[in-house]
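Engineer: Please see the structure below; I have some questions.
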Amino acid sequence: MKISDANSIFSQLKSEYDLWVAAWKELACYLAPTSGSFDDEAKSKQGQKIDAKTILDSTAARAVAILAAGMMSGLTSPSRSWFELTIDGPQQEQTNAVKRWLYDVKQVIERVFAKSNLYACLRNFYEEIAVFCTGAFVVEEDYETVIHCRPLTIGEFMLAHNNRGRIDTYGREFYMTVAQLVGEFGLENVPHAIAQQYNDKKYTNQYKVHHLIMPNRERTPGAIGNKNMPFVSVYWMDGQERFLRESGYEDFPVIASRWEVKRPNDTYGRGPGWTVLGDVKMLQKMQKKKLEALDKSIDPPLMVSNKVQGEINLMPGGLTRHNDTTDSAVRPVYQVQPDLKSLEYSIEQTRQRISEQFFADMFLMISNIDAGKMTATEVAERTQEKMMMLGPVLERLKNELLDPLIERTFNICNRAGILPPPPEEIQGRDINVSYISMIAQAQKATALNSIRQGAQFAAELAQVQAANAQAEVLDVVDFDGALREGLTAIGATPKMVRPEEEVQASRQARAEQQQALAQQAQIAQAVQSAKTLADTPLNTGSALDVVAQGGVNE
């Protein structure tokens, strides 16, 4: 790749990026003033204070924090397992060796996640995707922690997607100091002017750097080397004739996801941040008007008579001299009597709409699962409608965040040689990822309601038929299947559920035991009957006399 080609591709990325910048800046202003890094303010925004004149009410910021914390604990909790590995095919066909290998691989990936900075990066990612509805971070290979994640904020990266809608191109422009340039790329690879400043100890001067990662369409099949990998990575500076670095990646290192994509050609996402922006602006204006009304009612504008001598003393107990006895020396221009009750009601309604758009009530309920106060089923029953609304978002996060993250980490671990050797049975079979997080359990628990309702309906019909000496209706219901589905929905551990073979063997053994007990009972009854006959005296007119005499005569 040539620098001219890289500049051309970068310009194409920036042309679409520029269409979204104005909206992102407005979202940052009202919802996340410390987020976002745009070219025209990349340097000046460092250490910027929050504009307290614009943000008078923190409801939106709190709702974003709740959503981010809810996503963190509900989807990717650092304190509990949130995914499992499986392979294609029926689960009952998996040998113990395969199950053990999948479990060991999962343990390795979880340890890598815990040792790296992934979870700190994910928290930032969830806040970004809640407000700007597009989030991204880079997963790099690291010699110490296996992976290292570099968080990104909106405005400092550009994306493009392929024909399948998956993000596969990443561009970034950022500033680096002279010391950082030399430390990252080496003194021999930086431009001569940068090297001269480094030798002159001008370490803190900053320069703009471009970075581009994209599919390597000039790759030569069968060739090796970092310039012939599936994805090409180049760094360069404006006005230079050669790259600072040209390398590649075996797999796309950027994890980028959108909340939702309204149009097929959109690269960036839309979502709750865009939806609540109008409410957030209105809330800030209502708070401002409320404060102005309170201020005017407590300290109203004054009208001063020309008879006043000297200055007006507005302090408590202050004295103001006045020559006239008929007119008030100082009086309010107008009386302000704000309807604070109605205003507070409107403010509270607006706050509630903002919180609902960020699913704050649902995530607060989900946090109760972890605290043991509620079950996943109870949360699902109370927030079923919101779960349905959140379903498409979670599916997109699965496809664009979780699956690529686990796949990227698995590949890095595999190349690092820290995964156990796979058993022969797994050769040629795909590895799948299933999720067992609290949100995944709550989603699955919604299916439990239909199972429960179906079982209740079948029981009601069975009662009706039982009243008519019939019970065939229960033959329609597969109670074994219903129980297995229900246990899966509530997230029961697989160890709790016996395999079908064990269940049938246990039932057969129980049936044989019951048959043996029935035979024993019959034998005991026959013995007792024989003993009773033996103890019965003859010639007493009993039925035994009739039998002994050869039966009953007609």
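Ligands are numbered from 1 in the order shown, chains are lettered A, B, ... in the order of the structure tokens, and residues start at 1 in each chain.
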Quick one: DSSP strand (DSSP E or B) residues in range 219-300 of chain A, as an mmCIF file with N, CA and C atoms, in the first residue's frame?
Structural biologist:
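To be explicit, this is the file written out as result-v7.cif:
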data_model
loop_
_atom_site.group_PDB
_atom_site.id
_atom_site.type_symbol
_atom_site.label_atom_id
_atom_site.label_comp_id
_atom_site.auth_asym_id
_atom_site.auth_seq_id
_atom_site.Cartn_x
_atom_site.Cartn_y
_atom_site.Cartn_z
ATOM 1 N N PHE A 231 -5.285 -8.558 7.498
ATOM 2 C CA PHE A 231 -5.593 -7.140 7.691
ATOM 3 C C PHE A 231 -4.295 -6.347 7.719
ATOM 4 N N VAL A 232 -4.272 -5.242 7.013
ATOM 5 C CA VAL A 232 -3.100 -4.386 6.947
ATOM 6 C C VAL A 232 -3.266 -3.236 7.936
ATOM 7 N N SER A 233 -2.140 -2.814 8.544
ATOM 8 C CA SER A 233 -2.140 -1.717 9.508
ATOM 9 C C SER A 233 -1.000 -0.766 9.162
ATOM 10 N N VAL A 234 -1.339 0.520 8.981
ATOM 11 C CA VAL A 234 -0.317 1.507 8.616
ATOM 12 C C VAL A 234 -0.485 2.761 9.473
ATOM 13 N N TYR A 235 0.666 3.360 9.852
ATOM 14 C CA TYR A 235 0.730 4.649 10.547
ATOM 15 C C TYR A 235 1.489 5.621 9.649
ATOM 16 N N TRP A 236 1.045 6.873 9.583
ATOM 17 C CA TRP A 236 1.778 7.876 8.822
ATOM 18 C C TRP A 236 1.423 9.270 9.311
ATOM 19 N N ARG A 245 4.994 3.039 10.231
ATOM 20 C CA ARG A 245 5.009 1.583 10.423
ATOM 21 C C ARG A 245 3.990 0.964 9.467
ATOM 22 N N GLU A 246 4.362 -0.139 8.882
ATOM 23 C CA GLU A 246 3.463 -0.908 8.033
ATOM 24 C C GLU A 246 3.513 -2.362 8.485
ATOM 25 N N SER A 247 2.389 -2.863 8.990
ATOM 26 C CA SER A 247 2.343 -4.232 9.525
ATOM 27 C C SER A 247 0.957 -4.808 9.247
ATOM 28 N N GLY A 248 0.548 -5.785 10.036
ATOM 29 C CA GLY A 248 -0.749 -6.398 9.802
ATOM 30 C C GLY A 248 -1.261 -7.168 10.988
ATOM 31 N N TYR A 249 -2.470 -7.706 10.845
ATOM 32 C CA TYR A 249 -3.128 -8.493 11.882
ATOM 33 C C TYR A 249 -3.691 -9.763 11.263
ATOM 34 N N VAL A 254 -10.200 -4.504 16.048
ATOM 35 C CA VAL A 254 -11.115 -3.480 16.556
ATOM 36 C C VAL A 254 -12.470 -4.112 16.856
ATOM 37 N N ILE A 255 -12.914 -3.974 18.085
ATOM 38 C CA ILE A 255 -14.245 -4.424 18.487
ATOM 39 C C ILE A 255 -15.163 -3.209 18.436
ATOM 40 N N ALA A 256 -16.030 -3.165 17.460
ATOM 41 C CA ALA A 256 -16.918 -2.012 17.276
ATOM 42 C C ALA A 256 -18.357 -2.492 17.169
ATOM 43 N N SER A 257 -19.242 -1.802 17.875
ATOM 44 C CA SER A 257 -20.647 -2.208 17.868
ATOM 45 C C SER A 257 -21.526 -0.978 17.856
ATOM 46 N N ARG A 258 -22.723 -1.146 17.344
ATOM 47 C CA ARG A 258 -23.727 -0.088 17.298
ATOM 48 C C ARG A 258 -24.955 -0.505 18.108
ATOM 49 N N GLU A 260 -28.188 0.357 17.417
ATOM 50 C CA GLU A 260 -29.057 -0.107 16.345
ATOM 51 C C GLU A 260 -28.706 0.671 15.084
ATOM 52 N N ARG A 270 -27.594 4.566 16.040
ATOM 53 C CA ARG A 270 -28.498 5.475 16.744
ATOM 54 C C ARG A 270 -29.136 4.700 17.884
#
Engineer: Just want the 9 Å neighbourhood of range 146-159 of chain A, counted on only C-alpha atoms, with same-chain residues fewer than 4 positions away dropped. Output as a VMD selection string.
Structural biologist: chain A and resid 10 13 to 14 16 to 17 21 24 to 25 35 to 39 42 112 to 113 115 to 118 120 to 122 124 to 125 128 132 134 to 142 167 to 174 256 267 to 268 409 412 to 413 416
Engineer: Quick one: everything within 10 Å of range 70-85 of chain A, counting only C-alpha atoms, minus sequence neighbours fewer than 2 positions away in the same chain. Send it as a PyMOL selection string.
Structural biologist: chain A and resi 64-68+87+99+101-107+110+113-114+118-120+122-127+130+359-360+362-367+369-370+394+397-398+402+406+431-442
Engineer: Among range 125-253 of chain A, which ones does DSSP place in alpha helix (DSSP H), written as a list in words?
Structural biologist: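 So the alpha helix (DSSP H) residues in range 125-253 of chain A would be Phe125, Tyr126, Glu127, Glu128, Ile129, Ala130, Val131, Val178, Ala179, Gln180, Leu181, Val182, Gly183, Glu184, Phe185, His192, Ala193, Ile194, Ala195, Gln196, Gln197, Tyr198 and Asn199 of chain A.
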Engineer: What's the separation between CA of Gly278 in chain A and CA of Pro264 in chain A, in Å to one decimal place?
Structural biologist: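 One can read the CA of Gly278 in chain A to CA of Pro264 in chain A distance as 25.2 Å.
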